[in-house]
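Working notes for the structure below.
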Amino acid sequence: MNRLVVLGSVNADHVLRVPHFPRPGETLTGHSYQVVPGGKGANQAVAAARLGAPVSFIARIGDDAIGQQMRQGFVQDGIDVSAVELDERLPTGIAIIYVSDEGENSIGISAEANGALSVEMVQRHETMIADAHTLLLQLEVPLESVFEAARLARANGTRVVLNPAPARPLSAELLALVDLITPNQTEAELLTGVKVTNEESAREAAVRFHQMGIKEVMITLGAQGVYCSNAQQQVLIPGFRVEAVDSTAAGDTFNGALLAAELAGADFNAAVRFAHGAAALSVTKYGAQSSIPGKGEVDTFLQAQAALGH
């Protein structure tokens, strides 16, 4: 079954535009304050669904207005929300996000209901994980629950994809359950000890990941593109240059788009190109889920880039 299951976080993002990130003790005057749907798990689920994948989402939200509103948004994007559970004690997770004039972001999060996504909750949805083609994980929910989901997936022959964000140390036991890992430079350095700055250092980090038992590695290198390493090839695939206004969900969009393209039957290079295109479009708009494009938008963008020789 070509279904993607995403297990992860749901956050209400409180976003403020600022001229630059505040220094200690500094008060800045910002503008354009918004509360918008976010959370790495939710962003990746929405990206994959908008870009064509059948998606089921395992998550925990507060029994509050913003949580219910976000759940309804998932339904509108075509996501199966039968495993999005309500927590009667804790509010929906929150993120405080500063977006600078350069389009960079600085984020602080509080797990709230995300922190109650327990091992027992994961086990309740074992059948959903077992029936999926791929399970996509991140690290904004309890680590023991991420491990249990990966364990159940491996036991049932479901492919395990880990986006190891936010950066944190991970056990060898968890990493050995991963089929594809998609870190950025910071995350790759934390997990391998290799400072990743270019293609050569990305290759070294990828070798370390392979030694941990991970067959496929994709290290995102910002403007340089993504370094991809598997048994067939080791290559740096460049992205697209666009004028960025907000990079909040770029990585999440890349992950969701990549898996959507793969599940639709795209070959390796086409899937990465599609993911690059989706991520490029996302940084040209403000917000997390509000910036994620649809499949038609990405296809049109890629056709235009091909016409330009890119």
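Going through the structure tokens in order, the chains are called A, B, and so on, while each chain numbers its residues from 1 and the ligands are numbered from 1 in the order shown.
Once region 11-23 of chain A and its same-chain neighbours fewer than 5 positions away are set aside, A:Leu28, A:Thr29, A:Gly30, A:His31, A:Ser32, A:Tyr33, A:Gln34, A:Val35, A:Val36, A:Pro37, A:Gly38, A:Gly39, A:Thr92, A:Gly93, A:Ile94, A:Ala95, A:Ile96, A:Ile97, A:Tyr98, A:Val99, A:Ser100, A:Asp101 remain within 7 Å of it when counting only C-alpha atoms.
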Put those residues in a file: N, CA and C atoms, as a PDB file, in the first residue's frame.
ATOM      1  N   LEU A  28      12.719  44.659  20.570  1.00  0.00           N
ATOM      2  CA  LEU A  28      12.539  45.054  19.180  1.00  0.00           C
ATOM      3  C   LEU A  28      11.070  45.361  18.903  1.00  0.00           C
ATOM      4  N   THR A  29      10.841  46.274  17.990  1.00  0.00           N
ATOM      5  CA  THR A  29       9.487  46.506  17.493  1.00  0.00           C
ATOM      6  C   THR A  29       9.292  45.660  16.248  1.00  0.00           C
ATOM      7  N   GLY A  30       8.349  44.699  16.351  1.00  0.00           N
ATOM      8  CA  GLY A  30       8.064  43.825  15.227  1.00  0.00           C
ATOM      9  C   GLY A  30       6.772  44.229  14.546  1.00  0.00           C
ATOM     10  N   HIS A  31       6.313  43.388  13.634  1.00  0.00           N
ATOM     11  CA  HIS A  31       5.068  43.672  12.920  1.00  0.00           C
ATOM     12  C   HIS A  31       4.498  42.377  12.351  1.00  0.00           C
ATOM     13  N   SER A  32       3.294  42.428  11.853  1.00  0.00           N
ATOM     14  CA  SER A  32       2.628  41.325  11.154  1.00  0.00           C
ATOM     15  C   SER A  32       2.508  40.065  12.005  1.00  0.00           C
ATOM     16  N   TYR A  33       2.158  40.230  13.282  1.00  0.00           N
ATOM     17  CA  TYR A  33       1.983  39.090  14.184  1.00  0.00           C
ATOM     18  C   TYR A  33       0.844  38.201  13.691  1.00  0.00           C
ATOM     19  N   GLN A  34       1.096  36.872  13.705  1.00  0.00           N
ATOM     20  CA  GLN A  34       0.079  35.893  13.304  1.00  0.00           C
ATOM     21  C   GLN A  34       0.176  34.653  14.176  1.00  0.00           C
ATOM     22  N   VAL A  35      -0.929  33.960  14.332  1.00  0.00           N
ATOM     23  CA  VAL A  35      -0.929  32.608  14.883  1.00  0.00           C
ATOM     24  C   VAL A  35      -1.330  31.676  13.749  1.00  0.00           C
ATOM     25  N   VAL A  36      -0.409  30.776  13.352  1.00  0.00           N
ATOM     26  CA  VAL A  36      -0.641  29.930  12.177  1.00  0.00           C
ATOM     27  C   VAL A  36      -0.305  28.479  12.516  1.00  0.00           C
ATOM     28  N   PRO A  37      -0.877  27.528  11.777  1.00  0.00           N
ATOM     29  CA  PRO A  37      -0.598  26.116  12.027  1.00  0.00           C
ATOM     30  C   PRO A  37       0.857  25.763  11.739  1.00  0.00           C
ATOM     31  N   GLY A  38       1.450  24.940  12.608  1.00  0.00           N
ATOM     32  CA  GLY A  38       2.829  24.511  12.416  1.00  0.00           C
ATOM     33  C   GLY A  38       3.101  23.212  13.146  1.00  0.00           C
ATOM     34  N   GLY A  39       4.364  23.001  13.487  1.00  0.00           N
ATOM     35  CA  GLY A  39       4.825  21.733  14.052  1.00  0.00           C
ATOM     36  C   GLY A  39       5.438  20.893  12.951  1.00  0.00           C
ATOM     37  N   THR A  92      -2.642  22.386  22.990  1.00  0.00           N
ATOM     38  CA  THR A  92      -1.880  22.117  21.763  1.00  0.00           C
ATOM     39  C   THR A  92      -0.502  22.761  21.878  1.00  0.00           C
ATOM     40  N   GLY A  93       0.509  22.097  21.349  1.00  0.00           N
ATOM     41  CA  GLY A  93       1.871  22.616  21.398  1.00  0.00           C
ATOM     42  C   GLY A  93       1.994  23.995  20.773  1.00  0.00           C
ATOM     43  N   ILE A  94       2.987  24.752  21.230  1.00  0.00           N
ATOM     44  CA  ILE A  94       3.176  26.103  20.694  1.00  0.00           C
ATOM     45  C   ILE A  94       4.626  26.320  20.258  1.00  0.00           C
ATOM     46  N   ALA A  95       4.789  27.237  19.318  1.00  0.00           N
ATOM     47  CA  ALA A  95       6.120  27.677  18.887  1.00  0.00           C
ATOM     48  C   ALA A  95       6.117  29.201  18.806  1.00  0.00           C
ATOM     49  N   ILE A  96       7.180  29.808  19.308  1.00  0.00           N
ATOM     50  CA  ILE A  96       7.376  31.254  19.191  1.00  0.00           C
ATOM     51  C   ILE A  96       8.447  31.471  18.124  1.00  0.00           C
ATOM     52  N   ILE A  97       8.081  32.163  17.045  1.00  0.00           N
ATOM     53  CA  ILE A  97       8.973  32.279  15.883  1.00  0.00           C
ATOM     54  C   ILE A  97       9.240  33.735  15.546  1.00  0.00           C
ATOM     55  N   TYR A  98      10.518  34.098  15.505  1.00  0.00           N
ATOM     56  CA  TYR A  98      10.934  35.382  14.946  1.00  0.00           C
ATOM     57  C   TYR A  98      11.370  35.155  13.502  1.00  0.00           C
ATOM     58  N   VAL A  99      10.898  35.987  12.603  1.00  0.00           N
ATOM     59  CA  VAL A  99      11.349  35.948  11.208  1.00  0.00           C
ATOM     60  C   VAL A  99      12.021  37.277  10.892  1.00  0.00           C
ATOM     61  N   SER A 100      13.303  37.211  10.486  1.00  0.00           N
ATOM     62  CA  SER A 100      14.066  38.432  10.233  1.00  0.00           C
ATOM     63  C   SER A 100      13.803  38.960   8.831  1.00  0.00           C
ATOM     64  N   ASP A 101      14.261  40.180   8.580  1.00  0.00           N
ATOM     65  CA  ASP A 101      14.103  40.787   7.254  1.00  0.00           C
ATOM     66  C   ASP A 101      14.831  39.990   6.166  1.00  0.00           C
TER      67      ASP A 101
END
*Write out as a ChimeraX atom specification each polymer residue whose atoms come within 10 Å of Ala172 (chain A), counting only C-alpha atoms; drop sequence neighbours fewer than 5 positions from it.*
/A:177,191,212-213
Using C-alpha atoms, can you write the selected residues to a file as a short mmCIF file (atom, residue, chain, number, x, y, z; two decimals), in the first residue's frame?
data_model
loop_
_atom_site.label_atom_id
_atom_site.label_comp_id
_atom_site.auth_asym_id
_atom_site.auth_seq_id
_atom_site.Cartn_x
_atom_site.Cartn_y
_atom_site.Cartn_z
CA LEU A 177 16.24 1.12 12.55
CA LEU A 191 25.14 12.77 14.98
CA MET A 212 25.57 3.09 11.67
CA GLY A 213 23.44 0.87 9.43
#
_Sel. of alpha helix (DSSP H) residues, region 75-185 of chain A, as a PyMOL selection string_ = chain A and resi 75-76+119-124+126-131+143-155+172-175+185
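Closest to Val245 (chain A) among A:Arg50, A:Lys285, A:Lys215, A:His210 is A:Lys285, based on only C-alpha atoms.
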*Distance criterion (only C-alpha atoms): nearest to Ala153 (chain A) out of A:Ala111, A:Asp179, A:Pro166, A:Ala48*: A:Asp179
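Using only C-alpha atoms for every distance, the candidate list A:Gly294, A:Gly265, A:Gly108, A:Gly115 yields A:Gly115 as the residue closest to Ala59 (chain A).
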